[in-house]
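Dumped final-v9.cif below, it's mmCIF, C-alpha atoms:
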data_entry
#
loop_
_atom_site.group_PDB
_atom_site.id
_atom_site.type_symbol
_atom_site.label_atom_id
_atom_site.label_comp_id
_atom_site.auth_asym_id
_atom_site.auth_seq_id
_atom_site.Cartn_x
_atom_site.Cartn_y
_atom_site.Cartn_z
ATOM 1 C CA MET R 1 10.208 -108.521 51.947
ATOM 2 C CA ILE R 2 12.364 -110.166 49.271
ATOM 3 C CA GLY R 3 14.713 -107.192 49.331
ATOM 4 C CA ILE R 4 15.149 -107.490 53.092
ATOM 5 C CA MET R 5 15.856 -111.212 52.836
ATOM 6 C CA GLY R 6 18.327 -110.609 50.008
ATOM 7 C CA ALA R 7 20.143 -107.964 52.035
ATOM 8 C CA LYS R 8 20.298 -110.335 54.998
ATOM 9 C CA VAL R 9 21.742 -113.115 52.835
ATOM 10 C CA ILE R 10 24.358 -110.758 51.393
ATOM 11 C CA GLU R 11 25.278 -109.584 54.904
ATOM 12 C CA ASP R 12 25.595 -113.167 56.152
ATOM 13 C CA MET R 13 27.756 -114.124 53.179
ATOM 14 C CA GLY R 14 29.962 -111.139 53.897
ATOM 15 C CA ASN R 15 30.304 -112.244 57.537
ATOM 16 C CA VAL R 16 31.260 -115.744 56.410
ATOM 17 C CA GLY R 17 33.901 -114.315 54.084
ATOM 18 C CA ARG R 18 35.343 -112.087 56.805
ATOM 19 C CA PHE R 19 35.430 -115.001 59.249
ATOM 20 C CA ALA R 20 37.172 -117.181 56.665
ATOM 21 C CA GLY R 21 39.766 -114.469 56.120
ATOM 22 C CA PHE R 22 40.242 -114.139 59.870
ATOM 23 C CA VAL R 23 40.749 -117.899 60.220
ATOM 24 C CA TRP R 24 43.263 -117.931 57.357
ATOM 25 C CA GLN R 25 45.290 -115.115 58.915
ATOM 26 C CA THR R 26 45.136 -116.921 62.265
ATOM 27 C CA MET R 27 46.442 -120.140 60.728
ATOM 28 C CA ILE R 28 49.383 -118.294 59.186
ATOM 29 C CA ALA R 29 50.099 -116.516 62.478
ATOM 30 C CA CYS R 30 49.935 -119.806 64.396
ATOM 31 C CA ALA R 31 52.409 -121.418 62.000
ATOM 32 C CA ARG R 32 54.814 -118.510 62.424
ATOM 33 C CA ASN R 33 54.441 -118.474 66.208
ATOM 34 C CA CYS R 34 55.356 -122.150 66.375
ATOM 35 C CA VAL R 35 58.835 -121.371 65.032
ATOM 36 C CA ARG R 36 59.349 -118.092 66.917
ATOM 37 C CA SER R 37 60.610 -118.701 70.438
ATOM 38 C CA LYS R 38 59.785 -115.109 71.405
ATOM 39 C CA THR R 39 56.073 -115.931 71.342
ATOM 40 C CA TYR R 40 56.397 -119.004 73.568
ATOM 41 C CA PRO R 41 55.853 -117.072 76.841
ATOM 42 C CA LEU R 42 52.546 -115.774 75.465
ATOM 43 C CA ILE R 43 51.500 -119.327 74.606
ATOM 44 C CA TRP R 44 52.536 -120.680 78.029
ATOM 45 C CA ALA R 45 50.505 -117.965 79.765
ATOM 46 C CA GLN R 46 47.410 -118.799 77.722
ATOM 47 C CA MET R 47 47.923 -122.520 78.298
ATOM 48 C CA HIS R 48 47.822 -121.895 82.036
ATOM 49 C CA ILE R 49 44.690 -119.751 81.813
ATOM 50 C CA ILE R 50 42.846 -121.944 79.317
ATOM 51 C CA GLY R 51 44.082 -125.383 80.323
ATOM 52 C CA VAL R 52 45.155 -125.578 83.949
ATOM 53 C CA ARG R 53 42.294 -123.494 85.314
ATOM 54 C CA SER R 54 39.766 -125.534 83.332
ATOM 55 C CA VAL R 55 40.838 -128.906 84.743
ATOM 56 C CA PRO R 56 38.546 -128.895 87.841
ATOM 57 C CA VAL R 57 35.333 -128.030 85.975
ATOM 58 C CA VAL R 58 36.097 -130.497 83.179
ATOM 59 C CA MET R 59 36.837 -133.304 85.644
ATOM 60 C CA ILE R 60 33.652 -132.620 87.593
ATOM 61 C CA THR R 61 31.666 -132.659 84.344
ATOM 62 C CA GLY R 62 33.152 -135.991 83.292
ATOM 63 C CA ALA R 63 32.540 -137.590 86.698
ATOM 64 C CA PHE R 64 28.867 -136.652 86.762
ATOM 65 C CA VAL R 65 28.397 -137.816 83.175
ATOM 66 C CA GLY R 66 29.714 -141.280 84.078
ATOM 67 C CA MET R 67 27.652 -141.509 87.256
ATOM 68 C CA THR R 68 24.479 -140.390 85.512
ATOM 69 C CA LEU R 69 24.958 -142.921 82.711
ATOM 70 C CA ALA R 70 25.386 -145.707 85.278
ATOM 71 C CA ILE R 71 22.184 -144.781 87.093
ATOM 72 C CA GLN R 72 20.109 -144.425 83.942
ATOM 73 C CA ALA R 73 21.337 -147.567 82.137
ATOM 74 C CA TYR R 74 21.486 -150.072 85.009
ATOM 75 C CA ASP R 75 17.780 -150.946 85.157
ATOM 76 C CA GLN R 76 17.555 -151.660 81.423
ATOM 77 C CA LEU R 77 20.599 -153.934 81.440
ATOM 78 C CA ALA R 78 19.658 -155.639 84.714
ATOM 79 C CA GLY R 79 16.259 -156.496 83.266
ATOM 80 C CA MET R 80 18.035 -158.494 80.564
ATOM 81 C CA GLY R 81 20.584 -160.017 82.946
ATOM 82 C CA MET R 82 23.416 -158.046 81.364
ATOM 83 C CA GLU R 83 24.281 -155.683 84.212
ATOM 84 C CA GLU R 84 27.941 -156.777 84.122
ATOM 85 C CA ARG R 85 28.195 -155.171 80.683
ATOM 86 C CA LEU R 86 27.264 -151.790 82.131
ATOM 87 C CA GLY R 87 30.898 -150.713 81.967
ATOM 88 C CA VAL R 88 30.960 -151.142 78.189
ATOM 89 C CA LEU R 89 27.989 -148.822 77.736
ATOM 90 C CA ILE R 90 29.332 -146.214 80.127
ATOM 91 C CA ASN R 91 32.918 -146.181 78.978
ATOM 92 C CA ILE R 92 32.350 -146.223 75.232
ATOM 93 C CA SER R 93 29.722 -143.480 75.541
ATOM 94 C CA VAL R 94 32.058 -141.346 77.642
ATOM 95 C CA VAL R 95 35.285 -141.719 75.677
ATOM 96 C CA LYS R 96 33.740 -141.531 72.212
ATOM 97 C CA GLU R 97 30.886 -139.030 72.469
ATOM 98 C CA LEU R 98 29.758 -137.526 75.766
ATOM 99 C CA GLY R 99 33.175 -136.839 77.258
ATOM 100 C CA PRO R 100 34.559 -134.868 74.286
ATOM 101 C CA VAL R 101 31.328 -133.025 73.529
ATOM 102 C CA LEU R 102 30.482 -131.971 77.095
ATOM 103 C CA ALA R 103 34.091 -131.047 77.842
ATOM 104 C CA ALA R 104 34.106 -128.875 74.719
ATOM 105 C CA VAL R 105 30.794 -127.279 75.701
ATOM 106 C CA MET R 106 32.177 -126.449 79.138
ATOM 107 C CA LEU R 107 35.235 -124.918 77.497
ATOM 108 C CA ALA R 108 33.028 -122.935 75.119
ATOM 109 C CA GLY R 109 31.238 -121.478 78.133
ATOM 110 C CA ARG R 110 34.262 -120.880 80.333
ATOM 111 C CA VAL R 111 37.140 -120.256 77.937
ATOM 112 C CA GLY R 112 35.205 -119.022 74.908
ATOM 113 C CA GLY R 113 33.270 -116.481 76.928
ATOM 114 C CA ALA R 114 36.451 -115.245 78.591
ATOM 115 C CA LEU R 115 38.280 -114.892 75.274
ATOM 116 C CA THR R 116 35.406 -112.988 73.691
ATOM 117 C CA ALA R 117 34.989 -110.683 76.683
ATOM 118 C CA GLU R 118 38.728 -109.988 76.944
ATOM 119 C CA LEU R 119 39.279 -109.240 73.273
ATOM 120 C CA GLY R 120 35.940 -107.459 72.992
ATOM 121 C CA THR R 121 36.889 -105.125 75.837
ATOM 122 C CA MET R 122 40.241 -104.486 74.162
ATOM 123 C CA ASN R 123 38.412 -103.714 70.924
ATOM 124 C CA VAL R 124 35.953 -101.331 72.587
ATOM 125 C CA THR R 125 38.718 -99.508 74.460
ATOM 126 C CA GLU R 126 40.790 -99.301 71.237
ATOM 127 C CA GLN R 127 43.667 -101.351 72.655
ATOM 128 C CA ILE R 128 43.709 -103.492 69.502
ATOM 129 C CA ASP R 129 44.122 -100.349 67.399
ATOM 130 C CA ALA R 130 46.970 -99.328 69.713
ATOM 131 C CA VAL R 131 48.693 -102.655 69.020
ATOM 132 C CA ARG R 132 48.328 -102.037 65.275
ATOM 133 C CA SER R 133 49.709 -98.504 65.644
ATOM 134 C CA MET R 134 52.882 -99.944 67.214
ATOM 135 C CA GLY R 135 53.481 -102.011 64.088
ATOM 136 C CA THR R 136 52.485 -105.334 65.654
ATOM 137 C CA ASN R 137 50.029 -107.712 64.048
ATOM 138 C CA PRO R 138 47.223 -108.117 66.641
ATOM 139 C CA ILE R 139 46.246 -111.505 65.261
ATOM 140 C CA ARG R 140 49.765 -112.850 65.777
ATOM 141 C CA TYR R 141 50.112 -111.200 69.189
ATOM 142 C CA LEU R 142 46.608 -111.666 70.623
ATOM 143 C CA VAL R 143 44.797 -114.398 68.692
ATOM 144 C CA ALA R 144 47.427 -116.968 67.706
ATOM 145 C CA PRO R 145 48.615 -117.751 71.286
ATOM 146 C CA ARG R 146 45.022 -118.320 72.405
ATOM 147 C CA VAL R 147 44.207 -120.522 69.433
ATOM 148 C CA LEU R 148 47.370 -122.597 69.892
ATOM 149 C CA ALA R 149 46.637 -123.044 73.591
ATOM 150 C CA CYS R 150 43.122 -124.274 72.834
ATOM 151 C CA LEU R 151 44.368 -126.589 70.087
ATOM 152 C CA LEU R 152 46.975 -128.185 72.336
ATOM 153 C CA LEU R 153 45.061 -128.432 75.600
ATOM 154 C CA THR R 154 41.504 -129.308 74.589
ATOM 155 C CA PRO R 155 42.515 -132.935 73.788
ATOM 156 C CA ALA R 156 44.320 -133.139 77.151
ATOM 157 C CA LEU R 157 41.243 -131.834 78.957
ATOM 158 C CA ILE R 158 39.105 -134.388 77.126
ATOM 159 C CA ILE R 159 41.369 -137.127 78.469
ATOM 160 C CA PHE R 160 40.766 -135.810 81.998
ATOM 161 C CA ALA R 161 37.010 -135.799 81.354
ATOM 162 C CA ASP R 162 37.152 -139.365 79.993
ATOM 163 C CA LEU R 163 39.129 -140.581 83.003
ATOM 164 C CA MET R 164 36.718 -139.068 85.488
ATOM 165 C CA GLY R 165 33.735 -140.356 83.513
ATOM 166 C CA VAL R 166 35.105 -143.904 83.624
ATOM 167 C CA LEU R 167 35.856 -143.651 87.349
ATOM 168 C CA GLY R 168 32.481 -142.044 88.058
ATOM 169 C CA GLY R 169 30.670 -144.908 86.340
ATOM 170 C CA TYR R 170 32.797 -147.432 88.248
ATOM 171 C CA PHE R 171 32.094 -145.947 91.679
ATOM 172 C CA VAL R 172 28.352 -146.058 91.027
ATOM 173 C CA SER R 173 28.342 -149.534 89.468
ATOM 174 C CA VAL R 174 30.709 -151.665 91.533
ATOM 175 C CA PRO R 175 30.365 -150.807 95.271
ATOM 176 C CA GLU R 176 27.776 -152.726 97.230
ATOM 177 C CA PRO R 177 24.321 -151.217 97.853
ATOM 178 C CA PRO R 178 23.268 -148.684 98.994
ATOM 179 C CA ILE R 179 26.337 -146.901 97.608
ATOM 180 C CA GLY R 180 26.398 -148.700 94.251
ATOM 181 C CA PHE R 181 24.798 -151.556 92.326
ATOM 182 C CA GLY R 182 27.196 -154.295 93.445
ATOM 183 C CA ILE R 183 28.408 -155.374 89.996
ATOM 184 C CA ASN R 184 31.401 -157.714 90.020
ATOM 185 C CA SER R 185 34.509 -155.563 89.585
ATOM 186 C CA ARG R 186 36.491 -158.065 87.513
ATOM 187 C CA ALA R 187 33.619 -158.678 85.109
ATOM 188 C CA TYR R 188 32.977 -154.939 84.884
ATOM 189 C CA TRP R 189 36.533 -154.193 83.755
ATOM 190 C CA SER R 190 36.830 -157.306 81.589
ATOM 191 C CA PHE R 191 33.788 -156.463 79.502
ATOM 192 C CA SER R 192 34.888 -152.814 79.361
ATOM 193 C CA ALA R 193 38.361 -153.724 78.098
ATOM 194 C CA ALA R 194 36.863 -156.014 75.473
ATOM 195 C CA GLY R 195 34.295 -153.478 74.284
ATOM 196 C CA VAL R 196 36.271 -150.220 74.295
ATOM 197 C CA GLU R 197 39.080 -150.058 71.747
ATOM 198 C CA LEU R 198 41.979 -147.675 71.311
ATOM 199 C CA TRP R 199 40.189 -146.421 68.189
ATOM 200 C CA ASP R 200 37.270 -145.181 70.303
ATOM 201 C CA VAL R 201 39.572 -143.268 72.624
ATOM 202 C CA ALA R 202 41.595 -141.861 69.729
ATOM 203 C CA VAL R 203 38.500 -140.586 67.923
ATOM 204 C CA GLY R 204 37.363 -138.718 71.027
ATOM 205 C CA VAL R 205 40.782 -137.157 71.578
ATOM 206 C CA ILE R 206 41.249 -136.165 67.922
ATOM 207 C CA LYS R 207 37.920 -134.350 68.083
ATOM 208 C CA GLY R 208 39.470 -132.141 70.737
ATOM 209 C CA PHE R 209 41.841 -130.488 68.265
ATOM 210 C CA PHE R 210 38.950 -129.400 66.057
ATOM 211 C CA PHE R 211 36.685 -128.472 68.964
ATOM 212 C CA GLY R 212 39.424 -126.358 70.530
ATOM 213 C CA GLY R 213 40.290 -124.657 67.268
ATOM 214 C CA ALA R 214 36.642 -123.866 66.550
ATOM 215 C CA ILE R 215 36.018 -122.463 70.039
ATOM 216 C CA ALA R 216 39.114 -120.251 69.958
ATOM 217 C CA ALA R 217 38.618 -119.010 66.386
ATOM 218 C CA ILE R 218 34.931 -118.157 66.854
ATOM 219 C CA SER R 219 35.462 -116.519 70.247
ATOM 220 C CA CYS R 220 38.415 -114.419 69.089
ATOM 221 C CA TYR R 221 36.585 -113.364 65.927
ATOM 222 C CA LYS R 222 33.537 -112.272 67.898
ATOM 223 C CA GLY R 223 35.764 -110.320 70.255
ATOM 224 C CA PHE R 224 37.572 -108.595 67.387
ATOM 225 C CA THR R 225 34.323 -107.624 65.658
ATOM 226 C CA CYS R 226 32.050 -106.817 68.615
ATOM 227 C CA LYS R 227 30.003 -103.632 68.671
ATOM 228 C CA GLN R 228 30.850 -100.685 70.859
ATOM 229 C CA GLY R 229 29.777 -100.487 74.486
ATOM 230 C CA ALA R 230 29.106 -102.990 77.243
ATOM 231 C CA HIS R 231 26.023 -104.243 75.400
ATOM 232 C CA GLY R 232 28.127 -105.066 72.340
ATOM 233 C CA VAL R 233 30.604 -107.085 74.404
ATOM 234 C CA GLY R 234 27.803 -108.991 76.136
ATOM 235 C CA GLN R 235 26.089 -109.706 72.828
ATOM 236 C CA ALA R 236 29.378 -110.916 71.347
ATOM 237 C CA CYS R 237 29.872 -113.334 74.268
ATOM 238 C CA THR R 238 26.396 -114.770 73.766
ATOM 239 C CA GLU R 239 26.857 -115.114 70.008
ATOM 240 C CA ALA R 240 30.271 -116.746 70.494
ATOM 241 C CA PHE R 241 28.896 -119.398 72.834
ATOM 242 C CA VAL R 242 25.903 -120.191 70.614
ATOM 243 C CA ALA R 243 28.044 -120.387 67.480
ATOM 244 C CA SER R 244 30.665 -122.521 69.259
ATOM 245 C CA PHE R 245 28.003 -124.894 70.590
ATOM 246 C CA ILE R 246 26.426 -125.372 67.161
ATOM 247 C CA CYS R 247 29.866 -125.832 65.597
ATOM 248 C CA ILE R 248 30.762 -128.478 68.201
ATOM 249 C CA LEU R 249 27.596 -130.439 67.430
ATOM 250 C CA ALA R 250 28.148 -130.153 63.666
ATOM 251 C CA LEU R 251 31.792 -131.240 63.944
ATOM 252 C CA ASN R 252 30.789 -134.132 66.199
ATOM 253 C CA PHE R 253 28.277 -135.339 63.622
ATOM 254 C CA ALA R 254 30.831 -135.031 60.826
ATOM 255 C CA PHE R 255 33.376 -136.951 62.854
ATOM 256 C CA GLY R 256 30.816 -139.649 63.580
ATOM 257 C CA VAL R 257 30.199 -140.167 59.873
ATOM 258 C CA ILE R 258 33.881 -140.021 58.922
ATOM 259 C CA SER R 259 35.127 -142.273 61.739
ATOM 260 C CA LYS R 260 32.447 -144.854 61.011
ATOM 261 C CA ALA R 261 33.391 -144.885 57.312
ATOM 262 C CA ILE R 262 37.102 -145.250 58.129
ATOM 263 C CA TYR R 263 36.475 -148.028 60.655
ATOM 264 C CA SER R 264 34.196 -149.896 58.240
ATOM 265 C CA THR R 265 36.821 -149.603 55.507
ATOM 266 C CA PHE R 266 39.794 -150.929 57.461
ATOM 267 C CA TRP R 267 37.989 -153.342 59.793
ATOM 268 C CA PRO R 268 34.895 -154.386 57.785
ATOM 269 C CA ILE R 269 34.359 -157.798 59.422
ATOM 270 C CA LYS R 270 34.594 -156.607 63.010
ATOM 271 C CA SER R 271 32.414 -153.560 62.356
ATOM 272 C CA LEU R 272 29.544 -155.872 61.385
ATOM 273 C CA VAL R 273 29.690 -157.930 64.587
#
Hey, can you dump this file as structure tokens for me?
Amino acid sequence: MIGIMGAKVIEDMGNVGRFAGFVWQTMIACARNCVRSKTYPLIWAQMHIIGVRSVPVVMITGAFVGMTLAIQAYDQLAGMGMEERLGVLINISVVKELGPVLAAVMLAGRVGGALTAELGTMNVTEQIDAVRSMGTNPIRYLVAPRVLACLLLTPALIIFADLMGVLGGYFVSVPEPPIGFGINSRAYWSFSAAGVELWDVAVGVIKGFFFGGAIAAISCYKGFTCKQGAHGVGQACTEAFVASFICILALNFAFGVISKAIYSTFWPIKSLV
């Protein structure tokens, strides 16, 4: 039993080391691609696939998040006579936490699964080996454009999700019943503007760079290392989504701790209010 556990630990440590090496090579390839204009068409193509085609699903996700928050939080605030502050709760929750996390999860499912399946199929059919045989680095040609596209466009998609979340909460909160709750529009936006700061929006957007990089790196690695056959590709897609989801949650927690420490350091009086 101990021998089996030891072998499993050694195998996992080896996987971590190989993933770290893969990430390091990807970082170097991304840096080189940024200064090589020949690779720009590859990046533009991936930006269209990863970014533009993900806009509808991300916007729909953000809208429903805002509407659901409005419905769930209204009764509690109305019971205390604070229903006009509903916008603060909705908007700060959307722009700082729920918008970035749920947008990243949707991207992990849509984009991450597609990246893993595409590269996994290329691996199974030996197309990656064919790229190597032609003297081309497959990480620079196949992985780096996808990682750069995710890094650049995940923050933009988070902004779309935030916008739709804010508007979704507004269209449930402000219109008169039975459509909405009839909250005064001016008070709704006034309290929201006072409660949501640029720092909150910036933290949510900055998370997008790390979420996008994690999704792309994990998905590409799983595609490059998937087992042979259709079952291996399917298993790699599942593992990529699970690993990306856990990584998103872990990064979100780390960012919560770090951003709170930074805010408390530079604005100590206001953070205690």
So that I can check the surroundings of R:Gly169, please list as JSON, numbers by chain every protein, DNA and RNA residue that reaches within 9 Å of it, counting only C-alpha atoms and ignoring chain neighbours fewer than 6 positions away.
{"R": [63, 64, 65, 66, 67, 68, 69, 70, 71, 86, 87, 90, 91]}
Can you list what the PyMOL selection byres ((chain R and resi 105) around 12) grabs from this structure, as a VMD selection string?
chain R and resid 54 57 to 58 61 to 62 98 to 104 106 to 113 154 157 to 158 161 208 211 to 212 214 to 215 240 to 249 252
Given the choices R:Glu83, R:Val88, R:Cys220, R:Lys207, which gets closest to R:Phe253 if the distance is worked out from only C-alpha atoms?
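Looking only at the distances to R:Phe253, the closest residue turns out to be R:Lys207.
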Exactly which residues make up the result of the PyMOL selection byres ((chain R and resi 40) around 12) on this file, given as number ranges by chain?
R: 30, 32-39, 41-47, 140-141, 144-146, 148-149
Mind giving me the axis-aligned box for stretch 245-259 of chain R with 8 Å on every side, centre plus edges in Å to one decimal, as lines of an AutoDock Vina configuration file?
center_x = 30.8
center_y = -133.6
center_z = 64.8
size_x = 24.7
size_y = 33.4
size_z = 27.7
Output of the PyMOL selection byres ((chain R and resi 174-182) around 12), listed as a ChimeraX atom specification:
/R:67,70-75,77-78,83-87,166-173,183-189
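If you measure from each of R:Val124, R:Ala216, R:Ile139, R:Ile262 to R:His231 using all atoms listed in the file, the closest one turns out to be R:Val124.
Atom CA of R:Ala156 lies 7.7 Å from atom CA of R:Val205.
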Write out as a PyMOL selection string each polymer residue whose atoms come within 10 Å of R:Thr121, counting all atoms listed in the file; drop sequence neighbours fewer than 5 positions from it.
chain R and resi 115-116+126-128+223-224+226+228-230+232-234
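The interatomic distance for the pair atom CA of R:Ala250 and atom CA of R:Thr225 works out to 23.4 Å.
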Any idea what's packed within 9 Å of R:Thr26, counting only C-alpha atoms, ignoring anything in its chain fewer than 2 positions away? Could you give it as a PyMOL selection string?
chain R and resi 21-24+28-31+139-140+143-144+147+217
To one decimal place, how far is atom CA of R:Thr238 from atom CA of R:Ile218 in Å?
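If I compute the distance from atom CA of R:Thr238 to atom CA of R:Ile218, I get 11.5 Å.
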From R:Gly81, R:Gly213, R:Gly17, R:Gly195, residue lying nearest R:Cys150 [all atoms listed in the file]
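Looking at the shortest contact to R:Cys150, the residue is R:Gly213.
With all atoms listed in the file as the atoms that count, the residue of R:Gly120, R:Glu239, R:Ile50, R:Gly79 with the shortest distance to R:Leu152 is R:Ile50.
Minimum distance to R:Pro155 across R:Val131, R:Met27, R:Val201, R:Ile10 (counting only C-alpha atoms) occurs at R:Val201.
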